[in-house]
$ cat structure-v7.pdb   # PDB, C-alpha atoms, pLDDT in the B column
ATOM      1  CA  ASP A  68     -44.216  20.295  10.334  1.00 68.00           C
ATOM      2  CA  ALA A  69     -47.218  20.102   8.063  1.00 71.00           C
ATOM      3  CA  MET A  70     -46.795  17.797   5.063  1.00 90.00           C
ATOM      4  CA  VAL A  71     -49.877  18.991   3.223  1.00 95.00           C
ATOM      5  CA  ILE A  72     -50.845  22.639   3.286  1.00 95.00           C
ATOM      6  CA  GLN A  73     -54.163  23.946   2.064  1.00 96.00           C
ATOM      7  CA  ASN A  74     -55.049  27.560   1.491  1.00 91.00           C
ATOM      8  CA  PRO A  75     -57.272  29.135   2.374  1.00 92.00           C
ATOM      9  CA  ARG A  76     -58.739  27.189   5.308  1.00 93.00           C
ATOM     10  CA  TYR A  77     -62.082  28.935   4.811  1.00 95.00           C
ATOM     11  CA  GLN A  78     -63.361  30.276   1.510  1.00 96.00           C
ATOM     12  CA  VAL A  79     -66.580  32.138   0.871  1.00 96.00           C
ATOM     13  CA  THR A  80     -67.708  32.684  -2.691  1.00 95.00           C
ATOM     14  CA  GLN A  81     -70.835  33.780  -4.473  1.00 96.00           C
ATOM     15  CA  PHE A  82     -73.048  31.594  -6.560  1.00 96.00           C
ATOM     16  CA  GLY A  83     -71.461  31.294  -9.998  1.00 96.00           C
ATOM     17  CA  LYS A  84     -68.222  33.091  -9.100  1.00 97.00           C
ATOM     18  CA  PRO A  85     -65.146  31.019  -9.942  1.00 96.00           C
ATOM     19  CA  VAL A  86     -62.986  29.948  -7.054  1.00 96.00           C
ATOM     20  CA  THR A  87     -59.582  28.269  -6.763  1.00 97.00           C
ATOM     21  CA  LEU A  88     -58.399  26.192  -3.842  1.00 97.00           C
ATOM     22  CA  SER A  89     -54.721  25.549  -3.299  1.00 97.00           C
ATOM     23  CA  CYS A  90     -52.769  22.561  -2.022  1.00 97.00           C
ATOM     24  CA  SER A  91     -49.047  22.182  -1.554  1.00 97.00           C
ATOM     25  CA  GLN A  92     -46.859  19.434  -0.143  1.00 96.00           C
ATOM     26  CA  THR A  93     -43.427  19.228   1.391  1.00 94.00           C
ATOM     27  CA  LEU A  94     -42.655  15.560   0.659  1.00 92.00           C
ATOM     28  CA  ASN A  95     -42.425  15.484  -3.161  1.00 90.00           C
ATOM     29  CA  HIS A  96     -44.860  12.583  -3.253  1.00 92.00           C
ATOM     30  CA  ASN A  97     -45.942  11.452  -6.691  1.00 92.00           C
ATOM     31  CA  VAL A  98     -49.678  11.427  -6.186  1.00 92.00           C
ATOM     32  CA  MET A  99     -52.001  14.235  -5.187  1.00 94.00           C
ATOM     33  CA  TYR A 100     -55.731  13.814  -4.624  1.00 94.00           C
ATOM     34  CA  TRP A 101     -58.734  16.062  -4.238  1.00 96.00           C
ATOM     35  CA  TYR A 102     -61.720  14.934  -2.187  1.00 95.00           C
ATOM     36  CA  GLN A 103     -65.057  16.581  -1.558  1.00 96.00           C
ATOM     37  CA  GLN A 104     -66.662  15.962   1.813  1.00 96.00           C
ATOM     38  CA  LYS A 105     -70.167  17.190   2.508  1.00 95.00           C
ATOM     39  CA  SER A 106     -71.508  17.504   5.999  1.00 90.00           C
ATOM     40  CA  SER A 107     -71.803  14.178   7.867  1.00 86.00           C
ATOM     41  CA  GLN A 108     -70.669  12.223   4.809  1.00 91.00           C
ATOM     42  CA  ALA A 109     -67.589  10.283   3.807  1.00 92.00           C
ATOM     43  CA  PRO A 110     -65.001  11.966   1.590  1.00 93.00           C
ATOM     44  CA  LYS A 111     -65.596  11.459  -2.114  1.00 92.00           C
ATOM     45  CA  LEU A 112     -62.695  11.381  -4.559  1.00 92.00           C
ATOM     46  CA  LEU A 113     -62.970  13.970  -7.319  1.00 95.00           C
ATOM     47  CA  PHE A 114     -59.704  13.321  -9.187  1.00 91.00           C
ATOM     48  CA  HIS A 115     -56.026  12.702  -8.703  1.00 92.00           C
ATOM     49  CA  TYR A 116     -52.685  13.303 -10.355  1.00 93.00           C
ATOM     50  CA  TYR A 117     -50.024  10.654 -10.648  1.00 91.00           C
ATOM     51  CA  ASP A 118     -47.086  12.876 -11.464  1.00 91.00           C
ATOM     52  CA  LYS A 119     -48.468  14.806 -14.431  1.00 92.00           C
ATOM     53  CA  ASP A 120     -51.089  12.242 -15.363  1.00 91.00           C
ATOM     54  CA  PHE A 121     -54.574  13.465 -14.549  1.00 92.00           C
ATOM     55  CA  ASN A 122     -57.239  10.929 -13.529  1.00 90.00           C
ATOM     56  CA  ASN A 123     -60.805  12.104 -13.303  1.00 91.00           C
ATOM     57  CA  GLU A 124     -63.475  10.139 -11.483  1.00 90.00           C
ATOM     58  CA  ALA A 125     -66.382   9.232 -13.741  1.00 88.00           C
ATOM     59  CA  ASP A 126     -68.970  11.091 -11.697  1.00 90.00           C
ATOM     60  CA  THR A 127     -66.993  14.277 -11.061  1.00 94.00           C
ATOM     61  CA  PRO A 128     -68.954  17.203 -12.526  1.00 94.00           C
ATOM     62  CA  ASP A 129     -67.380  19.179 -15.382  1.00 94.00           C
ATOM     63  CA  ASN A 130     -67.588  22.204 -13.127  1.00 95.00           C
ATOM     64  CA  PHE A 131     -64.576  20.895 -11.241  1.00 97.00           C
ATOM     65  CA  GLN A 132     -61.121  21.049 -12.749  1.00 96.00           C
ATOM     66  CA  SER A 133     -57.602  20.680 -11.488  1.00 96.00           C
ATOM     67  CA  ARG A 134     -54.092  21.796 -12.311  1.00 96.00           C
ATOM     68  CA  ARG A 135     -50.739  20.523 -11.131  1.00 96.00           C
ATOM     69  CA  PRO A 136     -48.053  22.916 -12.373  1.00 96.00           C
ATOM     70  CA  ASN A 137     -45.270  21.129 -10.502  1.00 94.00           C
ATOM     71  CA  THR A 138     -44.690  18.335  -7.992  1.00 94.00           C
ATOM     72  CA  SER A 139     -45.415  20.494  -4.987  1.00 95.00           C
ATOM     73  CA  PHE A 140     -48.622  22.254  -5.950  1.00 96.00           C
ATOM     74  CA  CYS A 141     -52.087  21.226  -7.016  1.00 97.00           C
ATOM     75  CA  PHE A 142     -55.123  23.447  -7.535  1.00 97.00           C
ATOM     76  CA  LEU A 143     -58.834  22.783  -7.558  1.00 97.00           C
ATOM     77  CA  ASP A 144     -60.832  25.139  -9.766  1.00 97.00           C
ATOM     78  CA  ILE A 145     -64.585  25.368  -9.446  1.00 97.00           C
ATOM     79  CA  ARG A 146     -65.751  27.242 -12.522  1.00 96.00           C
ATOM     80  CA  SER A 147     -69.276  28.134 -11.471  1.00 96.00           C
ATOM     81  CA  PRO A 148     -69.965  27.145  -7.882  1.00 96.00           C
ATOM     82  CA  GLY A 149     -73.488  26.179  -6.999  1.00 96.00           C
ATOM     83  CA  LEU A 150     -75.065  25.933  -3.579  1.00 95.00           C
ATOM     84  CA  GLY A 151     -74.558  22.178  -3.722  1.00 95.00           C
ATOM     85  CA  ASP A 152     -70.797  22.626  -3.965  1.00 97.00           C
ATOM     86  CA  ALA A 153     -70.555  23.922  -0.420  1.00 97.00           C
ATOM     87  CA  ALA A 154     -68.378  21.363   1.329  1.00 97.00           C
ATOM     88  CA  MET A 155     -65.008  20.623   2.854  1.00 96.00           C
ATOM     89  CA  TYR A 156     -62.380  20.052   0.186  1.00 97.00           C
ATOM     90  CA  LEU A 157     -59.542  17.807   1.238  1.00 96.00           C
ATOM     91  CA  CYS A 158     -56.217  17.455  -0.511  1.00 96.00           C
ATOM     92  CA  ALA A 159     -54.174  14.318   0.076  1.00 94.00           C
ATOM     93  CA  ILE A 160     -50.815  12.978  -1.024  1.00 93.00           C
ATOM     94  CA  SER A 161     -49.390   9.509  -1.415  1.00 90.00           C
ATOM     95  CA  GLU A 162     -45.908   8.357  -2.285  1.00 87.00           C
ATOM     96  CA  ARG A 163     -47.267   5.977  -4.890  1.00 79.00           C
ATOM     97  CA  ASP A 164     -50.749   5.035  -6.019  1.00 73.00           C
ATOM     98  CA  HIS A 165     -50.529   1.616  -4.426  1.00 73.00           C
ATOM     99  CA  MET A 166     -52.811  -0.199  -2.043  1.00 70.00           C
ATOM    100  CA  MET A 167     -50.115  -0.219   0.642  1.00 74.00           C
ATOM    101  CA  ASN A 168     -49.518   3.501   0.617  1.00 79.00           C
ATOM    102  CA  GLU A 169     -51.357   5.591   3.112  1.00 84.00           C
ATOM    103  CA  GLN A 170     -52.702   8.940   2.026  1.00 88.00           C
ATOM    104  CA  PHE A 171     -51.765  11.965   4.091  1.00 91.00           C
ATOM    105  CA  PHE A 172     -54.396  14.642   4.197  1.00 93.00           C
ATOM    106  CA  GLY A 173     -54.230  18.373   4.565  1.00 94.00           C
ATOM    107  CA  PRO A 174     -56.410  20.340   6.982  1.00 93.00           C
ATOM    108  CA  GLY A 175     -59.006  21.005   4.306  1.00 95.00           C
ATOM    109  CA  THR A 176     -60.673  24.111   2.893  1.00 96.00           C
ATOM    110  CA  ARG A 177     -64.245  24.728   3.968  1.00 96.00           C
ATOM    111  CA  LEU A 178     -66.116  26.307   1.068  1.00 97.00           C
ATOM    112  CA  THR A 179     -69.268  28.344   1.587  1.00 97.00           C
ATOM    113  CA  VAL A 180     -71.354  29.385  -1.409  1.00 96.00           C
ATOM    114  CA  LEU A 181     -73.693  32.352  -0.913  1.00 95.00           C
TER     115      LEU A 181
ATOM    116  CA  ALA B 188     -73.132  -2.721  -2.875  1.00 57.00           C
ATOM    117  CA  GLN B 189     -71.319  -0.857  -0.131  1.00 66.00           C
ATOM    118  CA  LYS B 190     -67.619  -1.612  -0.161  1.00 90.00           C
ATOM    119  CA  ILE B 191     -67.043  -0.406   3.392  1.00 95.00           C
ATOM    120  CA  THR B 192     -69.708  -0.646   6.075  1.00 96.00           C
ATOM    121  CA  GLN B 193     -69.520   0.999   9.463  1.00 97.00           C
ATOM    122  CA  THR B 194     -72.662   0.036  11.327  1.00 96.00           C
ATOM    123  CA  GLN B 195     -72.200   2.319  14.329  1.00 96.00           C
ATOM    124  CA  PRO B 196     -73.108   5.942  13.514  1.00 95.00           C
ATOM    125  CA  GLY B 197     -72.212   6.935  17.079  1.00 96.00           C
ATOM    126  CA  MET B 198     -70.362   5.369  19.983  1.00 96.00           C
ATOM    127  CA  PHE B 199     -69.814   6.482  23.563  1.00 97.00           C
ATOM    128  CA  VAL B 200     -67.039   5.354  25.883  1.00 97.00           C
ATOM    129  CA  GLN B 201     -65.825   6.322  29.328  1.00 97.00           C
ATOM    130  CA  GLU B 202     -62.394   7.843  29.596  1.00 97.00           C
ATOM    131  CA  LYS B 203     -59.675   5.218  30.150  1.00 97.00           C
ATOM    132  CA  GLU B 204     -61.815   2.388  28.848  1.00 97.00           C
ATOM    133  CA  ALA B 205     -61.264   0.491  25.591  1.00 98.00           C
ATOM    134  CA  VAL B 206     -63.619   0.809  22.636  1.00 98.00           C
ATOM    135  CA  THR B 207     -64.058  -1.160  19.409  1.00 98.00           C
ATOM    136  CA  LEU B 208     -65.238   0.502  16.210  1.00 98.00           C
ATOM    137  CA  ASP B 209     -66.640  -1.919  13.667  1.00 98.00           C
ATOM    138  CA  CYS B 210     -65.794  -2.093   9.981  1.00 98.00           C
ATOM    139  CA  THR B 211     -66.685  -4.698   7.388  1.00 97.00           C
ATOM    140  CA  TYR B 212     -65.615  -4.599   3.770  1.00 96.00           C
ATOM    141  CA  ASP B 213     -66.475  -6.182   0.479  1.00 94.00           C
ATOM    142  CA  THR B 214     -63.957  -6.974  -2.232  1.00 89.00           C
ATOM    143  CA  SER B 215     -63.165  -9.731  -4.669  1.00 87.00           C
ATOM    144  CA  ASP B 216     -59.516  -8.696  -4.866  1.00 85.00           C
ATOM    145  CA  GLN B 217     -56.906 -10.813  -3.121  1.00 86.00           C
ATOM    146  CA  SER B 218     -54.687  -7.782  -2.584  1.00 86.00           C
ATOM    147  CA  TYR B 219     -56.013  -4.812  -0.700  1.00 89.00           C
ATOM    148  CA  GLY B 220     -55.151  -2.428   2.079  1.00 91.00           C
ATOM    149  CA  LEU B 221     -57.319  -1.335   4.985  1.00 94.00           C
ATOM    150  CA  PHE B 222     -56.921   2.009   6.728  1.00 95.00           C
ATOM    151  CA  TRP B 223     -58.389   3.861   9.647  1.00 97.00           C
ATOM    152  CA  TYR B 224     -58.505   7.644   9.791  1.00 96.00           C
ATOM    153  CA  LYS B 225     -59.540  10.013  12.560  1.00 97.00           C
ATOM    154  CA  GLN B 226     -61.261  13.282  11.723  1.00 95.00           C
ATOM    155  CA  PRO B 227     -61.626  15.783  14.585  1.00 94.00           C
ATOM    156  CA  SER B 228     -64.105  18.625  14.317  1.00 91.00           C
ATOM    157  CA  SER B 229     -61.353  20.770  12.763  1.00 88.00           C
ATOM    158  CA  GLY B 230     -61.697  18.652   9.604  1.00 88.00           C
ATOM    159  CA  GLU B 231     -58.228  17.217   9.055  1.00 88.00           C
ATOM    160  CA  MET B 232     -58.080  13.497   8.282  1.00 91.00           C
ATOM    161  CA  ILE B 233     -55.408  11.875  10.427  1.00 93.00           C
ATOM    162  CA  PHE B 234     -53.993   8.500   9.395  1.00 93.00           C
ATOM    163  CA  LEU B 235     -54.061   6.030  12.298  1.00 96.00           C
ATOM    164  CA  ILE B 236     -53.272   2.508  11.177  1.00 96.00           C
ATOM    165  CA  TYR B 237     -52.866   0.251   8.144  1.00 94.00           C
ATOM    166  CA  GLN B 238     -53.484  -3.468   7.577  1.00 95.00           C
ATOM    167  CA  GLY B 239     -52.495  -5.287   4.407  1.00 92.00           C
ATOM    168  CA  SER B 240     -54.550  -8.204   3.177  1.00 91.00           C
ATOM    169  CA  TYR B 241     -51.547 -10.509   3.335  1.00 90.00           C
ATOM    170  CA  ASP B 242     -50.428  -9.406   6.785  1.00 90.00           C
ATOM    171  CA  GLU B 243     -50.830 -12.291   9.200  1.00 87.00           C
ATOM    172  CA  GLN B 244     -50.368 -10.216  12.317  1.00 93.00           C
ATOM    173  CA  ASN B 245     -52.862  -7.629  13.432  1.00 95.00           C
ATOM    174  CA  ALA B 246     -51.498  -4.124  13.035  1.00 95.00           C
ATOM    175  CA  THR B 247     -50.798  -2.047  16.133  1.00 95.00           C
ATOM    176  CA  GLU B 248     -49.816   1.606  16.552  1.00 95.00           C
ATOM    177  CA  GLY B 249     -49.595   2.776  20.127  1.00 97.00           C
ATOM    178  CA  ARG B 250     -53.097   2.701  21.601  1.00 97.00           C
ATOM    179  CA  TYR B 251     -54.600   1.666  18.268  1.00 98.00           C
ATOM    180  CA  SER B 252     -54.877  -1.903  17.100  1.00 97.00           C
ATOM    181  CA  LEU B 253     -56.694  -3.424  14.194  1.00 97.00           C
ATOM    182  CA  ASN B 254     -58.608  -6.650  14.746  1.00 96.00           C
ATOM    183  CA  PHE B 255     -58.345  -8.144  11.269  1.00 96.00           C
ATOM    184  CA  GLN B 256     -60.536 -11.155  10.516  1.00 96.00           C
ATOM    185  CA  LYS B 257     -60.028 -11.891   6.856  1.00 94.00           C
ATOM    186  CA  ALA B 258     -62.583 -14.691   6.531  1.00 94.00           C
ATOM    187  CA  ARG B 259     -65.247 -12.455   8.007  1.00 95.00           C
ATOM    188  CA  LYS B 260     -64.005  -9.456   6.016  1.00 95.00           C
ATOM    189  CA  SER B 261     -63.857  -7.313   9.092  1.00 97.00           C
ATOM    190  CA  ALA B 262     -61.239  -4.815  10.230  1.00 97.00           C
ATOM    191  CA  ASN B 263     -62.326  -3.409  13.558  1.00 98.00           C
ATOM    192  CA  LEU B 264     -60.368  -0.633  15.243  1.00 98.00           C
ATOM    193  CA  VAL B 265     -59.646  -1.036  18.938  1.00 98.00           C
ATOM    194  CA  ILE B 266     -58.674   2.042  20.935  1.00 98.00           C
ATOM    195  CA  SER B 267     -57.296   1.209  24.357  1.00 96.00           C
ATOM    196  CA  ALA B 268     -57.329   3.571  27.330  1.00 96.00           C
ATOM    197  CA  SER B 269     -59.579   6.174  25.684  1.00 97.00           C
ATOM    198  CA  GLN B 270     -58.715   9.823  26.141  1.00 97.00           C
ATOM    199  CA  LEU B 271     -60.911  12.896  25.824  1.00 97.00           C
ATOM    200  CA  GLY B 272     -58.909  13.867  22.747  1.00 96.00           C
ATOM    201  CA  ASP B 273     -60.047  10.685  21.015  1.00 98.00           C
ATOM    202  CA  SER B 274     -63.501  12.204  20.519  1.00 97.00           C
ATOM    203  CA  ALA B 275     -63.794  12.478  16.737  1.00 97.00           C
ATOM    204  CA  MET B 276     -65.232  10.887  13.619  1.00 97.00           C
ATOM    205  CA  TYR B 277     -63.468   7.667  12.638  1.00 98.00           C
ATOM    206  CA  PHE B 278     -63.412   6.413   9.070  1.00 97.00           C
ATOM    207  CA  CYS B 279     -62.522   2.952   7.840  1.00 97.00           C
ATOM    208  CA  ALA B 280     -61.200   2.878   4.277  1.00 95.00           C
ATOM    209  CA  MET B 281     -59.919   0.407   1.714  1.00 93.00           C
ATOM    210  CA  ARG B 282     -57.632   0.486  -1.305  1.00 88.00           C
ATOM    211  CA  GLU B 283     -57.875  -2.384  -3.756  1.00 81.00           C
ATOM    212  CA  GLY B 284     -55.491  -3.754  -6.316  1.00 66.00           C
ATOM    213  CA  GLY B 285     -51.830  -3.360  -7.054  1.00 54.00           C
ATOM    214  CA  GLU B 286     -49.804  -0.491  -8.358  1.00 52.00           C
ATOM    215  CA  THR B 287     -52.139   0.906 -10.950  1.00 50.00           C
ATOM    216  CA  SER B 288     -53.375   4.358 -11.498  1.00 44.00           C
ATOM    217  CA  GLY B 289     -56.683   4.670  -9.770  1.00 52.00           C
ATOM    218  CA  SER B 290     -56.421   2.465  -6.704  1.00 61.00           C
ATOM    219  CA  ARG B 291     -58.774   4.819  -4.961  1.00 76.00           C
ATOM    220  CA  LEU B 292     -59.414   5.006  -1.241  1.00 85.00           C
ATOM    221  CA  THR B 293     -63.025   4.046  -0.535  1.00 90.00           C
ATOM    222  CA  PHE B 294     -64.376   5.291   2.784  1.00 94.00           C
ATOM    223  CA  GLY B 295     -67.116   4.046   5.045  1.00 95.00           C
ATOM    224  CA  GLU B 296     -69.713   6.432   6.399  1.00 94.00           C
ATOM    225  CA  GLY B 297     -67.842   6.909   9.650  1.00 96.00           C
ATOM    226  CA  THR B 298     -68.455   6.437  13.365  1.00 97.00           C
ATOM    227  CA  GLN B 299     -68.669   9.438  15.694  1.00 97.00           C
ATOM    228  CA  LEU B 300     -66.878   8.541  18.912  1.00 98.00           C
ATOM    229  CA  THR B 301     -67.521  10.505  22.088  1.00 98.00           C
ATOM    230  CA  VAL B 302     -65.304   9.964  25.114  1.00 97.00           C
ATOM    231  CA  ASN B 303     -66.982  10.904  28.372  1.00 96.00           C
ATOM    232  CA  PRO B 304     -64.976  12.095  31.396  1.00 95.00           C
TER     233      PRO B 304
END
$ encode --input "structure-v7.pdb" --output "C-alpha cells"
Amino acid sequence: DAMVIQNPRYQVTQFGKPVTLSCSQTLNHNVMYWYQQKSSQAPKLLFHYYDKDFNNEADTPDNFQSRRPNTSFCFLDIRSPGLGDAAMYLCAISERDHMMNEQFFGPGTRLTVL
Amino acid sequence: AQKITQTQPGMFVQEKEAVTLDCTYDTSDQSYGLFWYKQPSSGEMIFLIYQGSYDEQNATEGRYSLNFQKARKSANLVISASQLGDSAMYFCAMREGGETSGSRLTFGEGTQLTVNP
C-alpha cells in the first residue's frame, strides 16, 4: 500500500494561473517535505514541515508556498507559475528530521506550464 | 563545493552481472547518514539502502550493498546480479547532523544505469 500519495500525477496549468499540488501520507510521520526536480537534475528541497513548524529553504522563491492543515496532508501552492516552474514535484515523509531517518517519497506530480 | 559527487552520468551493465555506482561526499560533520535512491522513468524515488557514519559494517539489503570507505569519503553502491528492472537513475544522498530541524537530504546529480539483456 502506498505510504505517500500525490494528486494529481500530472498537472497542466497556464502561465500565471495558480495551482495547488496535494500530498497525503498513511504513516502519521512528523515531517513532510516538498522537492522540485527539473529534467535530468537532482531533487531540490523547497521546504518542509516538522509537525506544524514550517521551514523554508533560503533560495525557495516567494511564489511557492505550503500548507499543512493536519498530520496527513500537505499542499504546495504555486501562486503564479512561470515556464521555469515546470518540473516534477516530489513529496516525501520522514518519521523524524534526523540523519538516520530515511525519507519515503511519493510518485510525484509532473507540472506542465503552458 | 559539491557535497555529493557522482562521477558517472551513465553506466551500462549486462544482465546478471554486478555493477558499482560511485559516490563521494564532503562533510565536516562526524555524524551523518548516507542514502541511495532509485528513480525509474515513472519518477518515484525509491529508497534502497542506508549507511550511518558510525556503522562499522557495510550496509546490505538484498542485492544492494554499500561499500563504505569513511577515510576516502566514498559510499559506492554495488548491485549484484543485475536485472532489466534495475535500469533507472540512481541518486546518492546525505543527511548531516543530529536531530535538528533542517537536516536536509542533499542529492548527487545521479547516475543513469542501463541493464542490457
$ closest_atom_pairs --input "structure-v7.pdb" --of "chain B" --to "chain A" --cutoff "12 Å" --atoms "all atoms listed in the file" --output "CSV"
residue,atom,partner,partner_atom,distance
B:Ile191,CA,A:Ala109,CA,10.7
B:Thr192,CA,A:Ala109,CA,11.4
B:Gln193,CA,A:Ala109,CA,11.0
B:Pro196,CA,A:Ser107,CA,10.1
B:Gly197,CA,A:Ser107,CA,11.7
B:Asp216,CA,A:Met166,CA,11.2
B:Gln217,CA,A:Met166,CA,11.4
B:Ser218,CA,A:Met166,CA,7.8
B:Tyr219,CA,A:Met166,CA,5.8
B:Gly220,CA,A:Met166,CA,5.2
B:Leu221,CA,A:Met166,CA,8.4
B:Phe222,CA,A:Glu169,CA,7.5
B:Trp223,CA,A:Glu169,CA,9.8
B:Tyr224,CA,A:Gln170,CA,9.8
B:Lys225,CA,A:Phe172,CA,10.9
B:Gln226,CA,A:Pro174,CA,9.8
B:Pro227,CA,A:Pro174,CA,10.3
B:Ser228,CA,A:Pro174,CA,10.8
B:Ser229,CA,A:Pro174,CA,7.6
B:Gly230,CA,A:Pro174,CA,6.1
B:Glu231,CA,A:Pro174,CA,4.2
B:Met232,CA,A:Phe172,CA,5.6
B:Ile233,CA,A:Phe172,CA,6.9
B:Phe234,CA,A:Phe171,CA,6.7
B:Leu235,CA,A:Glu169,CA,9.6
B:Ile236,CA,A:Glu169,CA,8.8
B:Tyr237,CA,A:Glu169,CA,7.5
B:Gln238,CA,A:Met167,CA,8.4
B:Gly239,CA,A:Met167,CA,6.7
B:Ser240,CA,A:Met167,CA,9.5
B:Tyr241,CA,A:Met167,CA,10.7
B:Asp242,CA,A:Met167,CA,11.1
B:Met276,CA,A:Ser107,CA,9.3
B:Tyr277,CA,A:Ala109,CA,10.1
B:Phe278,CA,A:Ala109,CA,7.8
B:Cys279,CA,A:Ala109,CA,9.8
B:Ala280,CA,A:Ala109,CA,9.8
B:Met281,CA,A:Met166,CA,8.1
B:Arg282,CA,A:Met166,CA,4.9
B:Glu283,CA,A:Met166,CA,5.8
B:Gly284,CA,A:Met166,CA,6.2
B:Gly285,CA,A:His165,CA,5.8
B:Glu286,CA,A:His165,CA,4.5
B:Thr287,CA,A:Asp164,CA,6.6
B:Ser288,CA,A:Asp164,CA,6.1
B:Gly289,CA,A:Asp164,CA,7.0
B:Ser290,CA,A:Asp164,CA,6.3
B:Arg291,CA,A:Leu112,CA,7.7
B:Leu292,CA,A:Leu112,CA,7.9
B:Thr293,CA,A:Lys111,CA,8.0
B:Phe294,CA,A:Ala109,CA,6.0
B:Gly295,CA,A:Ala109,CA,6.4
B:Glu296,CA,A:Ala109,CA,5.1
B:Gly297,CA,A:Ala109,CA,6.8
B:Thr298,CA,A:Ser107,CA,10.1
B:Gln299,CA,A:Ser107,CA,9.7
$ resolve_selection --input "structure-v7.pdb" --expression "the PyMOL selection byres ((chain A and resi 137) around 10)" --output "PDB file with C-alpha atoms, in the coordinates of the input"
ATOM      1  CA  SER A  91     -49.047  22.182  -1.554  1.00 97.00           C
ATOM      2  CA  ASN A  95     -42.425  15.484  -3.161  1.00 90.00           C
ATOM      3  CA  ASP A 118     -47.086  12.876 -11.464  1.00 91.00           C
ATOM      4  CA  LYS A 119     -48.468  14.806 -14.431  1.00 92.00           C
ATOM      5  CA  ARG A 134     -54.092  21.796 -12.311  1.00 96.00           C
ATOM      6  CA  ARG A 135     -50.739  20.523 -11.131  1.00 96.00           C
ATOM      7  CA  PRO A 136     -48.053  22.916 -12.373  1.00 96.00           C
ATOM      8  CA  THR A 138     -44.690  18.335  -7.992  1.00 94.00           C
ATOM      9  CA  SER A 139     -45.415  20.494  -4.987  1.00 95.00           C
ATOM     10  CA  PHE A 140     -48.622  22.254  -5.950  1.00 96.00           C
ATOM     11  CA  CYS A 141     -52.087  21.226  -7.016  1.00 97.00           C
TER      12      CYS A 141
END
$ atom_distance --input "structure-v7.pdb" --atom1 "atom CA of A:Thr87" --atom2 "atom CA of A:Asp144"
4.5 Å
$ resolve_selection --input "structure-v7.pdb" --expression "the PyMOL selection byres ((chain B and resi 253) around 9)" --output "PyMOL selection string"
chain B and resi 223+236-238+245-248+251-252+254-255+262-266
$ resolve_selection --input "structure-v7.pdb" --expression "the PyMOL selection byres ((chain B and resi 304) around 7)" --output "JSON, numbers by chain"
{"B": [201, 202, 271, 302, 303]}
$ atom_distance --input "structure-v7.pdb" --atom1 "atom CA of B:Cys210" --atom2 "atom CA of B:Arg259"
10.6 Å
$ residues_around --input "structure-v7.pdb" --residues "A:Gln132" --least-positions-apart "3" --cutoff "8 Å" --atoms "all atoms listed in the file" --output "list in words"
Asp129, Leu143, Asp144, Ile145 and Arg146 of chain A
$ atom_distance --input "structure-v7.pdb" --atom1 "atom CA of B:Lys190" --atom2 "atom CA of B:Ser215"
10.3 Å
$ axis_aligned_box --input "structure-v7.pdb" --around "stretch 152-167 of chain A" --padding-each-side "5 Å" --output "lines of an AutoDock Vina configuration file"
center_x = -58.4
center_y = 11.9
center_z = -1.6
size_x = 34.9
size_y = 34.1
size_z = 18.9
